[in-house]
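Below is target_2.txt, holding compact mmCIF, C-alpha atoms.
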# COMPACT_ATOMS: atom_id res chain seq x y z
CA MET G 18 -23.84 -12.33 -16.37
CA LYS G 19 -21.48 -11.46 -13.53
CA VAL G 20 -20.37 -7.89 -12.84
CA THR G 21 -16.70 -7.79 -13.86
CA ALA G 22 -16.15 -4.07 -14.45
CA ASN G 23 -16.74 -0.92 -12.44
CA TYR G 24 -16.02 2.60 -13.66
CA HIS G 25 -17.41 4.51 -10.66
CA GLY G 26 -14.90 4.61 -7.82
CA HIS G 27 -13.71 7.46 -5.61
CA THR G 28 -10.56 8.22 -3.59
CA PHE G 29 -9.77 9.89 -0.28
CA ARG G 30 -9.00 13.13 -2.14
CA CYS G 31 -12.69 14.08 -2.41
CA GLY G 32 -12.88 14.33 1.38
CA HIS G 33 -15.70 11.84 1.92
CA ALA G 34 -14.17 8.57 0.71
CA PHE G 35 -11.75 6.39 2.63
CA GLY G 36 -8.80 4.08 2.06
CA LYS G 37 -5.66 4.06 -0.05
CA ASP G 38 -5.88 3.90 -3.83
CA GLU G 39 -4.06 0.56 -3.89
CA GLU G 40 -6.54 -0.94 -1.43
CA TYR G 41 -9.35 -0.32 -3.92
CA VAL G 42 -7.38 -2.14 -6.60
CA GLN G 43 -6.62 -5.07 -4.32
CA ALA G 44 -10.27 -5.40 -3.28
CA ALA G 45 -11.41 -5.32 -6.91
CA ILE G 46 -8.93 -8.05 -7.87
CA GLU G 47 -9.97 -10.14 -4.86
CA MET G 48 -13.61 -10.01 -5.99
CA GLY G 49 -12.83 -11.02 -9.56
CA PHE G 50 -13.15 -7.66 -11.29
CA GLU G 51 -11.35 -7.51 -14.61
CA VAL G 52 -11.71 -3.75 -15.17
CA MET G 53 -11.88 -0.82 -12.76
CA GLY G 54 -11.95 2.93 -13.15
CA PHE G 55 -11.20 5.64 -10.65
CA ALA G 56 -13.74 8.42 -11.15
CA ASP G 57 -13.37 10.72 -8.18
CA HIS G 58 -15.44 13.90 -7.96
CA VAL G 59 -13.93 16.17 -10.54
CA ILE G 60 -11.10 18.39 -9.34
CA LEU G 61 -11.72 21.93 -10.60
CA PRO G 62 -9.24 24.76 -11.14
CA HIS G 63 -9.89 28.02 -9.29
CA PHE G 64 -12.48 26.39 -7.01
CA THR G 65 -12.27 24.86 -3.54
CA GLN G 66 -15.06 22.67 -2.15
CA PRO G 67 -14.01 20.76 1.00
CA HIS G 68 -15.62 17.36 1.64
CA MET G 69 -16.97 17.25 -1.91
CA ARG G 70 -13.94 17.35 -4.22
CA GLY G 71 -10.18 17.66 -3.92
CA ASP G 72 -8.32 20.92 -4.38
CA TYR G 73 -6.73 21.49 -7.77
CA ASP G 74 -3.20 20.94 -6.45
CA LEU G 75 -4.14 17.28 -5.85
CA LEU G 76 -4.67 16.62 -9.56
CA PRO G 77 -1.07 15.57 -10.37
CA ASP G 78 -1.01 13.12 -7.45
CA TYR G 79 -4.37 11.63 -8.47
CA LEU G 80 -3.23 11.01 -12.03
CA ALA G 81 0.24 9.74 -11.06
CA SER G 82 -1.13 7.35 -8.45
CA ILE G 83 -3.48 5.71 -10.95
CA ASP G 84 -0.74 5.48 -13.58
CA GLN G 85 1.53 3.77 -11.06
CA LEU G 86 -1.16 1.26 -10.06
CA LYS G 87 -1.98 0.59 -13.69
CA LYS G 88 1.64 -0.46 -14.28
CA LYS G 89 1.97 -2.40 -11.04
CA TYR G 90 -1.15 -4.48 -11.58
CA ALA G 91 -0.90 -4.92 -15.35
CA GLY G 92 -2.00 -8.43 -16.27
CA GLN G 93 -4.21 -8.67 -13.17
CA ILE G 94 -6.74 -5.91 -13.85
CA GLU G 95 -7.27 -3.08 -16.34
CA ILE G 96 -7.28 0.32 -14.61
CA TYR G 97 -8.61 3.57 -16.08
CA LYS G 98 -8.57 7.23 -15.02
CA GLY G 99 -11.70 9.32 -14.97
CA PHE G 100 -13.81 11.79 -13.05
CA GLU G 101 -17.43 11.99 -11.97
CA ALA G 102 -18.39 15.50 -13.01
CA GLU G 103 -21.36 17.82 -13.02
CA TRP G 104 -22.32 19.58 -16.22
CA LEU G 105 -21.53 23.20 -15.32
CA GLY G 106 -22.16 24.79 -18.68
CA PRO G 107 -19.46 26.71 -20.53
CA LEU G 108 -17.70 27.55 -17.26
CA TYR G 109 -15.73 24.27 -17.29
CA GLU G 110 -16.53 22.83 -20.71
CA ASP G 111 -13.09 23.62 -22.14
CA TYR G 112 -11.42 22.21 -19.04
CA TYR G 113 -13.35 18.94 -19.36
CA ARG G 114 -12.57 18.73 -23.05
CA ASP G 115 -8.86 19.30 -22.42
CA LEU G 116 -8.74 16.60 -19.73
CA LEU G 117 -10.17 14.11 -22.21
CA GLN G 118 -8.49 15.10 -25.43
CA SER G 119 -5.03 15.58 -23.86
CA GLY G 120 -5.16 12.03 -22.53
CA LYS G 121 -4.86 13.10 -18.90
CA ILE G 122 -7.97 11.03 -18.20
CA ASP G 123 -9.80 8.32 -20.10
CA TYR G 124 -13.40 9.29 -19.43
CA LEU G 125 -15.95 11.42 -17.60
CA ILE G 126 -19.18 10.23 -16.05
CA LEU G 127 -22.06 12.66 -15.53
CA GLY G 128 -23.11 12.86 -11.89
CA GLN G 129 -25.29 15.95 -11.54
CA HIS G 130 -25.34 16.84 -7.83
CA GLY G 131 -25.91 20.55 -8.37
CA GLU G 132 -24.85 23.54 -10.44
CA MET G 133 -22.74 26.69 -10.35
CA PRO G 134 -24.82 29.84 -10.86
CA ARG G 135 -21.63 31.87 -10.29
CA PRO G 136 -17.97 30.88 -10.74
CA ASP G 137 -17.40 30.97 -6.96
CA THR G 138 -20.59 29.16 -5.87
CA PHE G 139 -21.70 25.54 -6.12
CA VAL G 140 -25.36 24.97 -5.20
CA PHE G 141 -26.51 21.45 -4.39
CA PHE G 142 -29.96 20.48 -5.54
CA PRO G 143 -32.67 21.45 -4.62
CA GLY G 144 -31.30 24.95 -4.08
CA SER G 145 -34.09 27.51 -3.90
CA GLN G 146 -36.58 25.54 -6.00
CA THR G 147 -39.30 23.17 -4.85
CA PRO G 148 -38.61 19.44 -5.18
CA LYS G 149 -41.01 19.16 -8.13
CA GLN G 150 -39.31 22.05 -9.93
CA THR G 151 -35.85 20.70 -9.16
CA ILE G 152 -36.60 17.24 -10.54
CA LEU G 153 -37.42 18.76 -13.93
CA HIS G 154 -34.49 21.18 -13.74
CA TYR G 155 -32.18 18.27 -12.89
CA ALA G 156 -33.40 16.37 -15.94
CA ASP G 157 -32.77 19.40 -18.15
CA LYS G 158 -29.19 19.63 -16.88
CA ILE G 159 -28.66 15.94 -17.63
CA VAL G 160 -29.97 16.50 -21.15
CA GLU G 161 -27.63 19.47 -21.69
CA GLY G 162 -24.61 17.56 -20.42
CA ALA G 163 -25.37 14.40 -22.37
CA LYS G 164 -25.64 16.31 -25.64
CA THR G 165 -22.05 17.56 -25.34
CA GLY G 166 -20.72 14.05 -25.97
CA LEU G 167 -18.20 14.56 -23.16
CA PHE G 168 -19.65 11.97 -20.82
CA SER G 169 -19.32 8.21 -21.17
CA TYR G 170 -22.28 7.41 -18.95
CA ILE G 171 -24.84 9.03 -16.66
CA ALA G 172 -24.41 8.19 -12.97
CA HIS G 173 -27.37 7.49 -10.66
CA PRO G 174 -29.92 9.20 -12.94
CA ASP G 175 -32.76 8.48 -10.47
CA VAL G 176 -30.93 9.94 -7.45
CA PHE G 177 -33.63 12.62 -7.09
CA VAL G 178 -35.96 10.03 -5.53
CA ASN G 179 -33.50 9.75 -2.65
CA TRP G 180 -33.10 13.51 -2.37
CA PHE G 181 -36.80 14.33 -2.17
CA HIS G 182 -38.51 11.09 -1.12
CA TYR G 183 -40.75 11.77 -4.11
CA TYR G 184 -41.18 10.53 -7.68
CA GLY G 185 -44.66 11.42 -8.93
CA GLU G 186 -45.59 12.86 -12.32
CA GLU G 187 -42.42 14.96 -12.40
CA GLY G 188 -40.29 11.86 -11.88
CA ALA G 189 -41.89 10.12 -14.83
CA ILE G 190 -41.34 13.18 -17.04
CA ALA G 191 -37.71 13.41 -15.90
CA ALA G 192 -37.18 9.69 -16.49
CA ARG G 193 -38.42 9.95 -20.06
CA LYS G 194 -36.30 13.03 -20.81
CA ILE G 195 -33.18 11.35 -19.45
CA ALA G 196 -33.88 8.03 -21.17
CA GLU G 197 -34.56 9.66 -24.52
CA VAL G 198 -31.34 11.69 -24.52
CA ALA G 199 -29.38 8.62 -23.40
CA LYS G 200 -30.85 6.70 -26.31
CA GLU G 201 -30.19 9.55 -28.76
CA MET G 202 -26.57 9.97 -27.65
CA ASN G 203 -25.94 6.24 -27.07
CA ILE G 204 -24.89 6.87 -23.45
CA PRO G 205 -25.54 4.15 -20.84
CA LEU G 206 -27.46 4.94 -17.66
CA GLU G 207 -26.00 3.70 -14.40
CA VAL G 208 -27.90 1.39 -12.09
CA ASN G 209 -26.13 2.53 -8.94
CA ILE G 210 -25.78 0.21 -5.96
CA SER G 211 -24.61 2.74 -3.36
CA CYS G 212 -28.02 3.53 -1.87
CA SER G 213 -28.74 -0.16 -1.33
CA ARG G 214 -25.33 -0.58 0.25
CA MET G 215 -25.99 2.27 2.66
CA GLN G 216 -29.64 1.53 3.44
CA GLY G 217 -29.80 -2.23 3.01
CA PHE G 218 -33.32 -2.09 1.60
CA ALA G 219 -35.04 -4.60 -0.63
CA LEU G 220 -35.13 -3.90 -4.34
CA GLU G 221 -38.52 -3.29 -5.96
CA ALA G 222 -39.94 -1.49 -2.91
CA GLU G 223 -41.51 1.59 -4.50
CA ASN G 224 -42.90 2.69 -1.15
CA LEU G 225 -39.32 3.43 -0.10
CA PRO G 226 -37.64 6.61 -1.36
CA PHE G 227 -34.43 5.07 -2.60
CA TYR G 228 -32.77 4.28 -5.88
CA PRO G 229 -32.79 2.36 -8.15
CA PHE G 230 -36.48 3.29 -8.35
CA PRO G 231 -38.36 0.60 -10.33
CA SER G 232 -40.77 2.89 -12.20
CA PHE G 233 -37.88 5.00 -13.47
CA TRP G 234 -36.18 1.93 -14.90
CA ASP G 235 -39.35 0.64 -16.53
CA ILE G 236 -39.35 3.82 -18.62
CA VAL G 237 -35.67 3.27 -19.42
CA ALA G 238 -36.52 -0.25 -20.63
CA GLU G 239 -39.41 1.08 -22.72
CA VAL G 240 -37.14 3.63 -24.43
CA GLY G 241 -34.50 0.93 -24.96
CA CYS G 242 -31.42 2.47 -23.36
CA ASP G 243 -28.24 0.65 -22.42
CA VAL G 244 -27.47 0.44 -18.70
CA ILE G 245 -24.39 -0.34 -16.65
CA ILE G 246 -24.05 -1.27 -12.97
CA GLY G 247 -21.92 1.11 -10.91
CA VAL G 248 -20.39 0.40 -7.50
CA ASP G 249 -19.91 4.08 -6.60
CA ALA G 250 -17.13 2.91 -4.28
CA HIS G 251 -16.19 5.24 -1.44
CA ALA G 252 -14.17 2.62 0.43
CA PRO G 253 -12.30 -0.52 -0.66
CA ASP G 254 -14.87 -2.78 1.02
CA HIS G 255 -17.53 -1.46 -1.34
CA TYR G 256 -16.06 -3.76 -3.96
CA ARG G 257 -17.08 -6.59 -1.64
CA SER G 258 -20.77 -5.66 -1.78
CA LYS G 259 -23.27 -8.48 -1.30
CA TYR G 260 -25.67 -6.84 -3.76
CA PHE G 261 -24.07 -7.53 -7.14
CA ASP G 262 -26.17 -10.60 -7.97
CA GLU G 263 -29.34 -8.82 -6.85
CA PHE G 264 -28.62 -5.93 -9.18
CA VAL G 265 -27.97 -8.22 -12.12
CA ALA G 266 -31.35 -9.83 -11.37
CA PHE G 267 -32.95 -6.37 -11.08
CA CYS G 268 -31.74 -5.54 -14.59
CA GLU G 269 -33.09 -8.81 -15.92
CA ARG G 270 -36.50 -8.40 -14.27
CA HIS G 271 -36.89 -4.93 -15.74
CA HIS G 272 -35.73 -6.06 -19.19
CA LEU G 273 -32.78 -3.69 -19.18
CA HIS G 274 -30.01 -4.09 -21.74
CA ARG G 275 -26.97 -4.28 -19.45
CA LEU G 276 -23.43 -3.58 -20.59
CA ASP G 277 -20.39 -4.75 -18.67
CA ARG G 278 -17.86 -2.65 -20.57
CA LEU G 279 -17.84 1.04 -21.32
CA THR G 280 -17.02 2.88 -24.54
CA PHE G 281 -15.12 6.05 -23.69
CA ARG G 282 -16.27 9.30 -25.28
CA LYS G 283 -14.19 12.43 -25.81
CA GLY G 284 -16.78 14.94 -26.96
CA LYS G 285 -18.62 15.65 -30.19
Using structure tokens, write down the structure that the file contains.
Amino acid sequence: MKVTANYHGHTFRCGHAFGKDEEYVQAAIEMGFEVMGFADHVILPHFTQPHMRGDYDLLPDYLASIDQLKKKYAGQIEIYKGFEAEWLGPLYEDYYRDLLQSGKIDYLILGQHGEMPRPDTFVFFPGSQTPKQTILHYADKIVEGAKTGLFSYIAHPDVFVNWFHYYGEEGAIAARKIAEVAKEMNIPLEVNISCSRMQGFALEAENLPFYPFPSFWDIVAEVGCDVIIGVDAHAPDHYRSKYFDEFVAFCERHHLHRLDRLTFRKGK
């Protein structure tokens, strides 16, 4: 089954993606996508984080740009508005809920790159913990976020293998925790193609510290979770990836139940 939808795409506003919003849409149409979602790194009020996420005053432009493209390309592709967001506890829970329930955005995806121990400080993983401790802490944060019902899927859940060049016993424990909460909450897990795009490595190579990490996904298959392929586009050309067929085959080899469309969630 061909990949015809992608809900994980960024924009220049985050400071580390490139290209105009319309160029992403044009590339997606060119490659036969029927559905696309912009899910830039979440813009947060009262917090500035250059090269990671846009400043809060960019929010109106982000939303208006997507609305304009949605109208312009109606009949050619379905376009949705979202954000990739970390679960930051009660600090931004109401903000996330308002974004969703007010209709400003259609969905959130959970991409847990770090946490905010204080309102003015974002700490990327691993922070002050050891890699083994962080892997388990990361899984606990995913579990907390998933249980809110705010997130429509979990992005690159096995990203920790790339961070630490390590999987081990802790990775297997984390995989099972993440898979079980995804199953409980009926939230798909994303098989993310961005690491393959950047590194150009062969799938199934467990001696390489990249994701998707096969052992992680074997546990996902055992638990019986839904999965979805995500482009994680940071440039329009990422919609022209040569890896789509390989990732469909990866899902089939690992007996993963792959979805091509996403059900949007707005919270409990």
Would you mind telling me which residue in G:Glu197, G:Asp57, G:Asp123, G:Glu103 lies nearest to Gly71 of chain G when using all atoms listed in the file? G:Asp57
May I have the residues within 12 Å of Pro77 of chain G as a PDB file with C-alpha atoms, in the coordinates of the input, using only C-alpha atoms and disregarding those fewer than 4 positions away in the same chain?
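Saved result, selection_8.pdb, follows:
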ATOM      1  CA  ARG G  30      -9.000  13.130  -2.140  1.00  0.00           C
ATOM      2  CA  ILE G  60     -11.100  18.390  -9.340  1.00  0.00           C
ATOM      3  CA  GLY G  71     -10.180  17.660  -3.920  1.00  0.00           C
ATOM      4  CA  ASP G  72      -8.320  20.920  -4.380  1.00  0.00           C
ATOM      5  CA  TYR G  73      -6.730  21.490  -7.770  1.00  0.00           C
ATOM      6  CA  ALA G  81       0.240   9.740 -11.060  1.00  0.00           C
ATOM      7  CA  SER G  82      -1.130   7.350  -8.450  1.00  0.00           C
ATOM      8  CA  ILE G  83      -3.480   5.710 -10.950  1.00  0.00           C
ATOM      9  CA  ASP G  84      -0.740   5.480 -13.580  1.00  0.00           C
ATOM     10  CA  LYS G 121      -4.860  13.100 -18.900  1.00  0.00           C
ATOM     11  CA  ILE G 122      -7.970  11.030 -18.200  1.00  0.00           C
TER      12      ILE G 122
END
With a distance cut-off of 9 Å and all atoms listed in the file, select the neighbouring residues of His272 of chain G, excluding the residue or stretch itself and same-chain residues fewer than 4 positions from it, and output the selection as a ChimeraX atom specification. /G:235,238-239,267-268
For segment 173-175 of chain G, work out the shell of residues within 6 Å, counting all atoms listed in the file and skipping chain neighbours fewer than 2 positions away, then give it as a ChimeraX atom specification. /G:177,207,209
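Interatomic distance, atom CA of Leu206 of chain G against atom CA of Asp249 of chain G: 13.4 Å.
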Mind checking which residues fall within 10 Å of Asp38 of chain G, counting only C-alpha atoms, ignoring those fewer than 6 positions away in the same chain, and posting them as a ChimeraX atom specification? /G:26-30,55,79,82-83,86,252-253
Just write the chosen residues, C-alpha atoms, as a PDB file, in the frame of the given file.
ATOM      1  CA  GLY G  26     -14.900   4.610  -7.820  1.00  0.00           C
ATOM      2  CA  HIS G  27     -13.710   7.460  -5.610  1.00  0.00           C
ATOM      3  CA  THR G  28     -10.560   8.220  -3.590  1.00  0.00           C
ATOM      4  CA  PHE G  29      -9.770   9.890  -0.280  1.00  0.00           C
ATOM      5  CA  ARG G  30      -9.000  13.130  -2.140  1.00  0.00           C
ATOM      6  CA  PHE G  55     -11.200   5.640 -10.650  1.00  0.00           C
ATOM      7  CA  TYR G  79      -4.370  11.630  -8.470  1.00  0.00           C
ATOM      8  CA  SER G  82      -1.130   7.350  -8.450  1.00  0.00           C
ATOM      9  CA  ILE G  83      -3.480   5.710 -10.950  1.00  0.00           C
ATOM     10  CA  LEU G  86      -1.160   1.260 -10.060  1.00  0.00           C
ATOM     11  CA  ALA G 252     -14.170   2.620   0.430  1.00  0.00           C
ATOM     12  CA  PRO G 253     -12.300  -0.520  -0.660  1.00  0.00           C
TER      13      PRO G 253
END
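Interatomic distance, atom CA of Ile159 of chain G against atom CA of Gly188 of chain G: 13.6 Å.
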Report as number ranges by chain all protein, DNA and RNA residues lying within 8 Å of Val240 of chain G, evaluated on all atoms listed in the file, omitting residues in the same chain fewer than 3 positions from it. G: 193, 196-197, 200, 236-237
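Take atom CA of Ala163 of chain G and atom CA of Lys98 of chain G: the distance between them is 19.7 Å.
Distance annotation: of G:Ile190, G:Val176, G:Leu279, G:Leu61, the residue with the minimal separation from Tyr112 of chain G is G:Leu61; atom set is only C-alpha atoms.
Counting all atoms listed in the file and comparing G:Ala266, G:Ala34, G:Leu108, G:Ile204, the residue that lies closest to Gly241 of chain G is G:Ile204.
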Nearest-residue call for Ile126 of chain G, choices G:Arg70, G:Arg278, G:His255, G:His25, using all atoms listed in the file: G:His25
Of the listed residues G:Phe230, G:Tyr90, G:Phe64, G:Tyr113, that which approaches Val52 of chain G most closely, counting all atoms listed in the file: G:Tyr90
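With all atoms listed in the file as the basis for measurement, G:Lys283 is the residue among G:Ser145, G:Lys283, G:Ala102, G:Pro67 that approaches Leu117 of chain G most closely.
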Take every atom of segment 249-256 of chain G listed in the file, pad by 3 Å on each side, and give me the axis-aligned box centre and edge lengths in Å, one decimal, as AutoDock Vina command-line options.
--center_x -16.1 --center_y 0.7 --center_z -2.8 --size_x 13.6 --size_y 15.0 --size_z 13.6
